[in-house]
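Below is the file coords-v8.txt, which contains compact mmCIF, C-alpha atoms.
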# COMPACT_ATOMS: atom_id res chain seq x y z
CA MET A 1040 0.00 0.00 0.00
CA LYS A 1041 2.80 2.32 1.01
CA THR A 1042 4.64 1.52 -2.24
CA ALA A 1043 1.54 2.14 -4.30
CA ASN A 1044 1.05 5.52 -2.65
CA CYS A 1045 4.64 6.51 -3.38
CA VAL A 1046 4.31 5.52 -7.04
CA ARG A 1047 1.04 7.46 -7.25
CA ALA A 1048 2.73 10.48 -5.69
CA ALA A 1049 5.62 10.23 -8.14
CA VAL A 1050 3.30 10.02 -11.12
CA LEU A 1051 1.22 12.94 -9.87
CA ALA A 1052 4.30 15.05 -9.23
CA ALA A 1053 5.68 14.12 -12.59
CA SER A 1054 2.47 15.18 -14.28
CA LEU A 1055 2.92 18.62 -12.75
CA CYS A 1056 6.33 19.03 -14.33
CA VAL A 1057 6.30 20.94 -17.57
CA SER A 1058 8.05 19.14 -20.33
CA ALA A 1059 9.75 20.93 -23.22
CA PRO A 1060 7.41 21.31 -26.14
CA ALA A 1061 8.37 19.38 -29.22
CA ILE A 1062 9.62 21.96 -31.67
CA ALA A 1063 10.59 21.06 -35.20
CA GLN A 1064 14.32 21.24 -35.56
CA GLU A 1065 16.46 21.52 -38.66
CA LYS A 1066 19.08 18.86 -39.14
CA THR A 1067 21.12 20.06 -42.08
CA GLY A 1068 22.55 23.36 -43.17
CA ASN A 1069 24.97 24.74 -45.67
CA LYS A 1070 26.72 27.98 -46.41
CA GLU A 1071 24.54 30.14 -48.60
CA GLY A 1072 25.31 29.59 -52.27
CA PHE A 1073 27.56 26.60 -51.63
CA SER A 1074 27.41 23.73 -54.10
CA LEU A 1075 29.79 21.06 -55.24
CA LYS A 1076 29.99 19.41 -58.65
CA PRO A 1077 30.86 15.71 -58.84
CA GLY A 1078 34.44 14.93 -59.83
CA THR A 1079 35.87 18.38 -59.13
CA VAL A 1080 37.48 18.27 -55.70
CA ARG A 1081 39.57 16.14 -53.35
CA ILE A 1082 38.09 15.49 -49.91
CA VAL A 1083 39.97 14.12 -46.92
CA LEU A 1084 37.94 11.97 -44.56
CA MET A 1085 39.23 12.87 -41.09
CA ARG A 1086 39.51 10.21 -38.38
CA PRO A 1087 35.99 9.84 -36.95
CA VAL A 1088 35.48 10.64 -33.27
CA VAL A 1089 33.50 7.71 -31.83
CA ASP A 1090 32.23 7.31 -28.26
CA VAL A 1091 29.88 4.58 -27.10
CA GLY A 1092 28.64 3.83 -23.60
CA GLU A 1093 25.68 3.60 -21.28
CA GLN A 1094 23.33 6.30 -20.01
CA SER A 1095 22.86 6.06 -16.24
CA THR A 1096 19.50 6.63 -14.52
CA GLY A 1097 20.51 10.24 -13.86
CA GLY A 1098 21.49 10.75 -17.49
CA MET A 1099 25.25 10.56 -17.03
CA PHE A 1100 27.43 9.06 -19.76
CA GLU A 1101 29.40 5.97 -18.75
CA PRO A 1102 31.89 5.05 -21.51
CA ASN A 1103 32.21 1.43 -22.60
CA ALA A 1104 35.61 0.64 -24.17
CA ASP A 1105 34.50 -2.62 -25.81
CA TRP A 1106 31.46 -1.06 -27.48
CA THR A 1107 33.58 1.91 -28.62
CA THR A 1108 36.20 -0.38 -30.20
CA GLN A 1109 33.49 -2.40 -31.95
CA ALA A 1110 31.79 0.75 -33.23
CA ARG A 1111 35.05 2.23 -34.50
CA GLY A 1112 35.72 -0.89 -36.57
CA TYR A 1113 32.20 -1.14 -37.98
CA LEU A 1114 31.94 2.56 -38.76
CA ALA A 1115 35.33 2.48 -40.52
CA THR A 1116 34.12 -0.42 -42.67
CA ALA A 1117 30.83 1.34 -43.44
CA LEU A 1118 32.59 4.61 -44.28
CA GLY A 1119 35.04 2.72 -46.52
CA GLN A 1120 32.09 1.27 -48.42
CA ALA A 1121 30.39 4.67 -48.72
CA GLN A 1122 33.30 6.92 -49.65
CA SER A 1123 33.53 5.78 -53.27
CA LYS A 1124 29.90 6.78 -53.82
CA LEU A 1125 30.18 10.42 -52.78
CA GLY A 1126 30.78 11.88 -56.23
CA ASN A 1127 34.27 13.22 -55.53
CA VAL A 1128 37.61 11.71 -54.60
CA VAL A 1129 37.49 10.93 -50.89
CA VAL A 1130 40.67 9.72 -49.20
CA GLU A 1131 41.25 8.76 -45.59
CA TYR A 1132 43.38 11.14 -43.55
CA SER A 1133 47.00 10.13 -43.16
CA ASP A 1134 49.46 11.88 -40.89
CA GLN A 1135 52.26 11.08 -43.39
CA SER A 1136 54.81 11.40 -40.56
CA THR A 1137 54.27 15.15 -40.48
CA GLY A 1138 53.55 15.28 -36.76
CA ASP A 1139 50.20 16.97 -37.52
CA GLY A 1140 48.25 14.17 -35.81
CA PRO A 1141 47.68 15.71 -32.34
CA LEU A 1142 46.60 19.04 -33.82
CA VAL A 1143 44.30 17.31 -36.29
CA THR A 1144 42.72 15.44 -33.36
CA GLN A 1145 42.14 18.81 -31.66
CA TYR A 1146 40.42 20.03 -34.84
CA SER A 1147 38.15 16.97 -34.76
CA HIS A 1148 37.11 17.79 -31.19
CA LEU A 1149 36.65 21.44 -32.17
CA PHE A 1150 34.42 20.36 -35.05
CA ASN A 1151 32.21 18.63 -32.47
CA SER A 1152 31.91 21.87 -30.50
CA VAL A 1153 31.10 23.87 -33.61
CA ALA A 1154 28.46 21.30 -34.65
CA ASP A 1155 26.99 21.40 -31.12
CA SER A 1156 26.75 25.17 -31.39
CA VAL A 1157 25.07 24.99 -34.80
CA ILE A 1158 22.47 22.57 -33.43
CA GLU A 1159 21.90 24.55 -30.26
CA TYR A 1160 21.95 28.06 -31.66
CA GLN A 1161 20.98 27.74 -35.32
CA PHE A 1162 19.03 24.54 -36.00
CA PHE A 1163 16.86 24.99 -32.90
CA PRO A 1164 14.78 28.06 -33.84
CA GLY A 1165 13.61 28.83 -30.31
CA ASN A 1166 17.17 29.14 -29.10
CA ARG A 1167 18.74 30.92 -32.08
CA LEU A 1168 21.30 33.60 -31.29
CA PRO A 1169 19.94 37.01 -32.30
CA THR A 1170 23.12 37.82 -34.26
CA LYS A 1171 22.69 34.58 -36.24
CA LYS A 1172 19.05 35.22 -37.13
CA ARG A 1173 19.64 37.63 -39.96
CA GLY A 1174 18.73 36.42 -43.42
CA LYS A 1175 19.60 32.86 -44.27
CA SER A 1176 23.06 33.17 -42.86
CA PHE A 1177 24.97 30.01 -42.06
CA GLU A 1178 28.30 31.39 -40.93
CA TRP A 1179 30.31 28.88 -38.97
CA GLY A 1180 33.91 27.84 -39.21
CA MET A 1181 37.16 26.81 -37.56
CA GLY A 1182 39.60 29.34 -39.02
CA ASP A 1183 42.14 28.86 -41.77
CA GLY A 1184 44.70 26.98 -39.64
CA LEU A 1185 43.88 23.71 -41.40
CA SER A 1186 45.19 25.15 -44.68
CA ARG A 1187 48.68 25.32 -43.14
CA LEU A 1188 48.86 21.62 -42.26
CA THR A 1189 51.33 19.71 -44.45
CA SER A 1190 49.34 16.49 -44.11
CA LEU A 1191 46.32 18.14 -45.79
CA LYS A 1192 48.21 19.62 -48.76
CA GLY A 1193 46.51 19.06 -52.10
CA ALA A 1194 43.07 18.57 -50.52
CA ASP A 1195 40.15 20.94 -50.96
CA TYR A 1196 37.81 19.90 -48.18
CA ALA A 1197 37.90 17.96 -44.92
CA LEU A 1198 34.99 15.71 -43.99
CA PHE A 1199 34.61 15.44 -40.23
CA ILE A 1200 32.49 12.67 -38.73
CA SER A 1201 31.60 12.12 -35.11
CA THR A 1202 29.20 9.82 -33.33
CA HIS A 1203 28.26 9.66 -29.67
CA ASP A 1204 26.00 6.88 -28.43
CA GLU A 1205 24.58 6.31 -24.97
CA TYR A 1206 22.45 3.22 -24.56
CA GLY A 1207 19.87 3.62 -21.79
CA SER A 1208 20.55 1.60 -18.63
CA THR A 1209 17.74 -0.40 -16.99
CA GLY A 1210 17.25 2.39 -14.44
CA ARG A 1211 16.97 4.98 -17.19
CA LYS A 1212 14.39 2.89 -19.01
CA VAL A 1213 12.33 2.56 -15.80
CA LEU A 1214 12.50 6.34 -15.36
CA GLN A 1215 11.31 6.75 -18.94
CA ILE A 1216 8.26 4.55 -18.22
CA VAL A 1217 7.45 6.43 -15.01
CA GLY A 1218 7.82 9.70 -16.89
CA MET A 1219 5.54 8.46 -19.64
CA LEU A 1220 2.83 7.64 -17.08
CA GLY A 1221 3.13 11.15 -15.71
CA GLY A 1222 3.10 12.79 -19.14
CA VAL A 1223 6.73 13.87 -18.97
CA GLY A 1224 8.99 13.10 -21.91
CA VAL A 1225 12.15 11.41 -20.64
CA THR A 1226 14.51 10.16 -23.31
CA SER A 1227 16.38 6.94 -22.80
CA GLY A 1228 19.53 6.84 -24.87
CA VAL A 1229 21.43 9.39 -26.92
CA HIS A 1230 22.46 8.59 -30.47
CA GLN A 1231 24.03 11.63 -32.02
CA GLY A 1232 25.88 11.81 -35.27
CA TYR A 1233 27.54 14.76 -36.96
CA ALA A 1234 29.03 14.97 -40.46
CA GLY A 1235 30.48 18.24 -41.68
CA LEU A 1236 32.41 19.46 -44.67
CA VAL A 1237 35.01 22.16 -44.09
CA ASP A 1238 36.59 24.25 -46.84
CA LEU A 1239 40.32 23.85 -46.23
CA LYS A 1240 41.21 27.22 -47.74
CA THR A 1241 38.93 29.28 -45.53
CA GLY A 1242 38.07 26.96 -42.64
CA GLU A 1243 34.38 27.61 -43.24
CA LEU A 1244 31.85 24.93 -42.44
CA VAL A 1245 30.08 24.64 -45.79
CA TRP A 1246 27.77 21.71 -45.04
CA LEU A 1247 26.58 20.07 -41.86
CA ASN A 1248 24.29 17.14 -41.20
CA ALA A 1249 23.75 16.74 -37.48
CA ASP A 1250 21.15 14.94 -35.44
CA ARG A 1251 21.05 14.04 -31.76
CA GLN A 1252 18.73 11.08 -32.29
CA MET A 1253 20.14 9.12 -35.22
CA GLY A 1254 19.29 5.53 -36.08
CA GLY A 1255 21.51 2.46 -36.36
CA ASP A 1256 23.11 0.48 -33.56
CA VAL A 1257 26.79 1.24 -34.14
CA ARG A 1258 27.75 -1.90 -32.19
CA THR A 1259 26.75 -3.96 -35.24
CA LEU A 1260 27.91 -3.71 -38.85
CA GLU A 1261 24.34 -3.35 -40.16
CA GLY A 1262 23.66 -0.59 -37.64
CA ALA A 1263 26.90 1.19 -38.50
CA GLN A 1264 25.99 1.07 -42.20
CA LYS A 1265 22.59 2.57 -41.42
CA ARG A 1266 24.26 5.30 -39.34
CA VAL A 1267 26.72 6.16 -42.12
CA THR A 1268 23.89 6.32 -44.66
CA GLN A 1269 22.11 8.82 -42.39
CA LEU A 1270 25.27 10.81 -41.72
CA LEU A 1271 25.98 11.26 -45.43
CA GLU A 1272 22.40 12.01 -46.45
CA GLY A 1273 22.38 15.05 -48.73
CA PHE A 1274 26.16 15.05 -49.07
CA PRO A 1275 27.16 17.80 -51.52
CA GLY A 1276 28.34 16.70 -54.95
CA ARG A 1277 26.87 13.25 -54.59
CA PRO A 1278 25.28 12.12 -57.88
CA VAL A 1279 21.51 11.90 -57.44
CA GLU A 1280 21.15 8.35 -58.81
CA VAL A 1281 23.92 7.03 -56.52
CA ALA A 1282 22.43 8.79 -53.50
CA ALA A 1283 19.07 7.19 -54.23
CA ALA A 1284 20.60 3.76 -54.63
CA GLY A 1285 22.51 4.11 -51.39
CA ASN A 1286 19.41 4.77 -49.32
CA MET B 935 10.73 4.68 -0.51
CA LEU B 936 10.18 8.40 0.02
CA ARG B 937 13.78 9.00 -1.01
CA VAL B 938 13.22 7.04 -4.22
CA THR B 939 10.10 9.07 -4.93
CA ILE B 940 11.91 12.36 -4.37
CA SER B 941 14.79 11.19 -6.58
CA ILE B 942 12.39 10.29 -9.39
CA ILE B 943 10.68 13.68 -9.14
CA ALA B 944 14.03 15.48 -9.16
CA LEU B 945 15.20 13.52 -12.18
CA LEU B 946 11.99 14.16 -14.07
CA ALA B 947 12.18 17.85 -13.29
CA ALA B 948 15.76 17.90 -14.56
CA CYS B 949 14.66 16.19 -17.76
CA SER B 950 12.17 18.90 -18.71
CA THR B 951 14.16 21.64 -20.40
CA PRO B 952 12.73 25.15 -20.30
CA VAL B 953 12.69 26.99 -23.60
CA LEU B 954 13.77 30.61 -23.22
CA ALA B 955 14.92 33.04 -25.86
CA ASN B 956 18.36 34.58 -25.98
CA SER B 957 18.56 38.34 -26.40
CA LEU B 958 20.60 40.82 -28.40
CA ILE B 959 23.06 43.12 -26.67
CA GLY B 960 23.60 46.14 -28.90
CA PRO B 961 26.60 48.47 -28.79
CA GLY B 962 26.48 51.22 -26.18
CA PRO B 963 26.03 51.58 -22.42
CA ARG B 964 24.31 48.81 -20.53
CA ALA B 965 23.65 48.75 -16.78
CA GLY B 966 22.58 46.10 -14.29
CA ILE B 967 24.62 43.29 -15.83
CA ALA B 968 24.26 40.03 -13.86
CA LYS B 969 21.60 41.78 -11.74
CA SER B 970 24.35 43.79 -10.13
CA ARG B 971 26.10 47.17 -10.22
CA ILE B 972 28.18 46.08 -13.22
CA SER B 973 27.72 48.33 -16.23
CA ALA B 974 29.63 48.17 -19.48
CA SER B 975 29.68 49.70 -22.92
CA PRO B 976 30.22 47.02 -25.57
CA ALA B 977 31.67 48.28 -28.85
CA GLY B 978 29.79 45.71 -30.92
CA GLU B 979 26.94 43.25 -30.71
CA TRP B 980 26.80 40.26 -28.38
CA ASN B 981 24.16 37.66 -27.54
CA LYS B 982 23.00 37.31 -23.96
CA LEU B 983 22.12 33.68 -23.20
CA SER B 984 18.86 32.96 -21.41
CA LEU B 985 20.54 30.41 -19.14
CA SER B 986 23.37 31.67 -16.99
CA GLY B 987 24.34 29.17 -14.29
CA GLY B 988 23.68 31.34 -11.25
CA LYS B 989 21.60 34.13 -9.68
CA ASN B 990 24.18 36.87 -10.25
CA VAL B 991 25.74 35.37 -13.33
CA GLU B 992 25.23 36.54 -16.92
CA VAL B 993 26.68 34.94 -20.04
CA TRP B 994 27.34 36.68 -23.35
CA THR B 995 28.52 34.98 -26.51
CA LEU B 996 29.11 35.50 -30.21
CA ASP B 997 28.92 31.95 -31.58
CA GLY B 998 27.68 29.88 -28.64
CA ASP B 999 29.04 29.35 -25.16
CA SER B 1000 31.26 26.44 -26.18
CA LEU B 1001 33.01 28.64 -28.78
CA ASN B 1002 33.27 32.01 -27.06
CA LYS B 1003 31.87 32.88 -23.69
CA VAL B 1004 32.00 35.96 -21.51
CA THR B 1005 30.74 35.32 -17.99
CA PHE B 1006 29.94 38.16 -15.61
CA PHE B 1007 29.85 37.31 -11.91
CA GLY B 1008 28.12 40.30 -10.36
CA GLY B 1009 28.86 40.80 -6.69
CA ILE B 1010 28.85 37.25 -5.40
CA ALA B 1011 28.33 37.60 -1.67
CA ALA B 1012 30.29 35.92 1.11
CA GLY B 1013 29.16 32.35 1.68
CA GLN B 1014 27.90 31.96 -1.88
CA PRO B 1015 29.41 29.82 -4.66
CA LEU B 1016 30.23 31.29 -8.08
CA LEU B 1017 27.73 29.02 -9.81
CA ARG B 1018 24.50 27.33 -8.82
CA GLU B 1019 25.46 24.04 -7.17
CA ARG B 1020 24.29 21.00 -9.11
CA ASP B 1021 25.07 18.45 -6.43
CA LYS B 1022 25.67 20.00 -3.00
CA LYS B 1023 26.28 16.68 -1.34
CA ASN B 1024 28.71 15.03 -3.73
CA SER B 1025 30.22 18.00 -5.55
CA PRO B 1026 30.00 21.03 -3.27
CA LEU B 1027 31.40 24.25 -4.69
CA PRO B 1028 33.83 26.53 -2.86
CA LYS B 1029 32.29 29.70 -1.43
CA VAL B 1030 33.29 33.34 -1.59
CA ALA B 1031 34.75 34.72 1.66
CA SER B 1032 34.49 38.41 2.53
CA ASN B 1033 38.16 38.52 3.53
CA MET B 1034 39.34 36.95 0.30
CA LEU B 1035 42.35 38.48 -1.41
CA VAL B 1036 42.24 39.10 -5.12
CA THR B 1037 45.00 36.52 -5.48
CA ASP B 1038 42.52 33.92 -4.17
CA ILE B 1039 40.17 34.52 -7.10
CA PRO B 1040 42.00 32.32 -9.68
CA THR B 1041 42.02 29.40 -7.24
CA LEU B 1042 38.32 29.90 -6.50
CA LEU B 1043 37.53 29.74 -10.23
CA GLU B 1044 39.75 26.70 -10.76
CA THR B 1045 38.25 24.78 -7.81
CA THR B 1046 34.75 25.68 -8.97
CA TYR B 1047 35.43 24.40 -12.49
CA ARG B 1048 37.06 21.19 -11.26
CA SER B 1049 33.97 20.42 -9.20
CA GLN B 1050 31.17 21.72 -11.45
CA TYR B 1051 32.48 20.81 -14.90
CA ALA B 1052 34.71 17.85 -14.02
CA VAL B 1053 37.54 19.40 -16.02
CA ASN B 1054 40.22 16.89 -17.00
CA GLN B 1055 42.93 19.48 -16.76
CA MET B 1056 43.16 23.10 -15.64
CA ALA B 1057 46.04 25.44 -14.91
CA ILE B 1058 46.42 29.11 -14.06
CA ASP B 1059 49.05 30.49 -16.46
CA THR B 1060 49.60 34.12 -15.45
CA GLN B 1061 48.49 36.54 -12.72
CA ALA B 1062 49.06 40.29 -12.53
CA PRO B 1063 47.57 43.30 -10.72
CA ALA B 1064 44.88 45.03 -12.77
CA GLN B 1065 41.91 47.36 -12.44
CA LEU B 1066 38.29 46.28 -12.76
CA GLY B 1067 35.85 49.16 -12.98
CA GLY B 1068 38.22 51.47 -11.16
CA HIS B 1069 38.91 49.01 -8.33
CA ALA B 1070 42.21 47.32 -7.62
CA GLY B 1071 42.00 43.73 -8.76
CA ILE B 1072 43.67 40.98 -10.70
CA ARG B 1073 44.02 39.87 -14.30
CA PHE B 1074 44.75 36.21 -14.83
CA THR B 1075 44.96 33.75 -17.71
CA TYR B 1076 44.30 30.03 -17.62
CA ASN B 1077 43.67 26.96 -19.72
CA PHE B 1078 41.47 23.92 -19.21
CA THR B 1079 40.00 20.87 -20.93
CA LYS B 1080 36.51 19.57 -20.16
CA SER B 1081 35.02 16.20 -21.10
CA ASP B 1082 34.59 17.34 -24.73
CA ASP B 1083 38.42 17.21 -25.04
CA VAL B 1084 38.60 20.72 -26.50
CA ARG B 1085 41.51 22.74 -25.10
CA ARG B 1086 40.25 26.14 -24.02
CA LYS B 1087 42.01 29.29 -22.89
CA GLY B 1088 40.63 31.87 -20.53
CA GLU B 1089 41.36 35.43 -19.46
CA ALA B 1090 39.66 37.12 -16.52
CA PHE B 1091 39.56 40.33 -14.49
CA GLY B 1092 38.41 40.17 -10.89
CA ALA B 1093 38.09 42.42 -7.83
CA MET B 1094 36.67 42.31 -4.31
CA VAL B 1095 34.39 45.28 -3.60
CA ASN B 1096 32.74 45.63 -0.17
CA GLY B 1097 33.36 41.95 0.51
CA GLN B 1098 31.66 40.86 -2.72
CA LEU B 1099 33.32 39.26 -5.70
CA TYR B 1100 33.14 40.84 -9.14
CA LEU B 1101 34.63 38.83 -11.97
CA VAL B 1102 34.43 38.86 -15.75
CA ALA B 1103 35.93 35.95 -17.66
CA TYR B 1104 36.38 35.16 -21.33
CA GLU B 1105 36.84 31.56 -22.50
CA ALA B 1106 37.20 30.05 -25.95
CA PRO B 1107 38.87 27.09 -27.70
CA GLN B 1108 42.62 27.55 -28.06
CA ILE B 1109 42.35 26.90 -31.80
CA TYR B 1110 41.10 29.93 -33.73
CA PHE B 1111 38.30 31.13 -31.43
CA PHE B 1112 40.32 32.53 -28.51
CA ASP B 1113 42.41 34.83 -30.70
CA LYS B 1114 39.42 35.73 -32.90
CA ASP B 1115 37.53 37.50 -30.10
CA ILE B 1116 39.99 38.27 -27.30
CA GLU B 1117 40.32 41.93 -28.28
CA LYS B 1118 36.54 42.38 -28.22
CA PHE B 1119 36.57 41.00 -24.68
CA ARG B 1120 39.43 43.25 -23.56
CA THR B 1121 37.62 46.29 -24.93
CA LEU B 1122 34.47 45.18 -23.11
CA ALA B 1123 36.33 44.52 -19.83
CA THR B 1124 37.99 47.93 -20.01
CA SER B 1125 34.58 49.59 -20.34
CA ILE B 1126 33.23 48.00 -17.14
CA LYS B 1127 32.16 50.29 -14.29
CA LEU B 1128 31.26 49.15 -10.80

The structure given in the file should be rewritten as structure tokens.
Amino acid sequence: MKTANCVRAAVLAASLCVSAPAIAQEKTGNKEGFSLKPGTVRIVLMRPVVDVGEQSTGGMFEPNADWTTQARGYLATALGQAQSKLGNVVVEYSDQSTGDGPLVTQYSHLFNSVADSVIEYQFFPGNRLPTKKRGKSFEWGMGDGLSRLTSLKGADYALFISTHDEYGSTGRKVLQIVGMLGGVGVTSGVHQGYAGLVDLKTGELVWLNADRQMGGDVRTLEGAQKRVTQLLEGFPGRPVEVAAAGN
Amino acid sequence: MLRVTISIIALLAACSTPVLANSLIGPGPRAGIAKSRISASPAGEWNKLSLSGGKNVEVWTLDGDSLNKVTFFGGIAAGQPLLRERDKKNSPLPKVASNMLVTDIPTLLETTYRSQYAVNQMAIDTQAPAQLGGHAGIRFTYNFTKSDDVRRKGEAFGAMVNGQLYLVAYEAPQIYFFDKDIEKFRTLATSIKL
């Protein structure tokens, strides 16, 4: 009886909480006027940033090294299969003994922050920064420092990829059910994926596809292939017939 | 069981995100920053974020708080932490003391960040006497890395006025962003009046 009362109280209290309204959110963006013709440029696929783990009841991320290793392997395979279908020459990044590696890794992490900012302050209309609201502006970048890296010489664009997956723990799933009963939206699991194309001459982010709830279980090859298909949806310069066949 | 119930309610409340709009800060004089006696005269436009992290805290940015962030701490009183405490029991934040010296301010910020943001690495790089709004204070620089693995640099001006802490800090990724906007911050910090 006591337990039942507590559950009732929790549900009632939960129903009083105000959940965030579902607001349509953009998932892709590109610099105004940017387009890419097939067979005209050389793109370097940067080392993907991959993190996989569990989401605790309180929503904290708990990394899982085994899952991350699995996902890295499967995503690399899936990206290898996809890169020949992108309409332009896409080569995997190689340090070429230049010593650029640590700095390039920093750029990959910075890309994540830039993509986070685009989602938070541009794709989410209710939270858009007033200075970013004007016209159809999509003005994001990482500076022209990449153009000075020896290991990227001869390339026109860098394709950054990052995925971050948190699989809901049992406790989180229980919380989701309790929330559902009380009319409060509690998400269980985070499955975010970002893919962005950066102009190596200017450092401008010219195309971004970013979603915080992507599909595909990256711990399996099939799931990783699905994730990569979603990440590269609408990739610039991709021939239409190939894009259709790849979906 | 009551504890479980309270925990569930707290978690559910935390899961519902309020939607508030950010606002434009135009060039020119602006008073009452961080609900305090801080006034400043920005030379250009900034965005004021709707969420700040504390009662007397205000955050301005150009491209988002993870890319460039100016935080105003407006007269944090003795006994209060710099930021709203997320977990008082497990991660308590250090408090301002009325007899604090300006040289204690960098350590207060560092300890706060280590507790609140679980920074992987943080170091104070330089410290020097400086003025903040006409009061004797300190200018210090620092660097830190949070869980997103982005190395960030920071520069701040702080002072103790009537036993309260006034601090304005600029933080941005070491690559590109810090240098891009540091002069705008310095101009802004110089214009501050208390």

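Checking A:Thr1079, A:Ser1095, A:Thr1116, A:Thr1170 one by one against chain B, counting all atoms listed in the file, you find the shortest gap at A:Thr1170.
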
Nearest candidate to B:Arg971 (options B:Gly1088, B:Ile1109, B:Gly1009, B:Leu958; using all atoms listed in the file):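 Closest candidate: B:Gly1009.
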
Straight-line distance linking atom CA of A:Val1237 with atom CA of A:Gly1184, stated in Å to one decimal: 11.7 Å

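Candidate residues B:Tyr1100, B:Tyr1047, B:Trp980, B:Phe1119 were compared for distance to B:Thr995, and the nearest is B:Trp980, using only C-alpha atoms.
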
Pick from B:Lys1080, B:Lys982, B:Arg1048, B:Lys1127, whichever lies nearest to B:Val1004 using all atoms listed in the file: B:Lys982

Distance of atom CA of B:Ala1123 from atom CA of B:Gly1013, expressed in Å to one decimal place: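 Interatomic distance, atom CA of B:Gly1013 to atom CA of B:Ala1123: 25.7 Å.
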
Stretch 1059-1074 of chain B environment, 6 Å, only C-alpha atoms, sequence neighbours closer than 3 positions dropped, as a PyMOL selection string: chain B and resi 1036+1089-1093+1126-1128

Output for the residues just chosen: C-alpha atoms as a PDB file, in the coordinates of the input:
ATOM      1  CA  VAL B1036      42.240  39.100  -5.120  1.00  0.00           C
ATOM      2  CA  GLU B1089      41.360  35.430 -19.460  1.00  0.00           C
ATOM      3  CA  ALA B1090      39.660  37.120 -16.520  1.00  0.00           C
ATOM      4  CA  PHE B1091      39.560  40.330 -14.490  1.00  0.00           C
ATOM      5  CA  GLY B1092      38.410  40.170 -10.890  1.00  0.00           C
ATOM      6  CA  ALA B1093      38.090  42.420  -7.830  1.00  0.00           C
ATOM      7  CA  ILE B1126      33.230  48.000 -17.140  1.00  0.00           C
ATOM      8  CA  LYS B1127      32.160  50.290 -14.290  1.00  0.00           C
ATOM      9  CA  LEU B1128      31.260  49.150 -10.800  1.00  0.00           C
TER      10      LEU B1128
END

Separation of atom CA of A:Leu1168 from atom CA of B:Val991 in Å: 18.6 Å

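Considering the residues A:Val1129, A:Val1225, A:Met1219, A:Ala1110 and counting only C-alpha atoms, chain B has its shortest atom-to-atom contact with A:Val1225.
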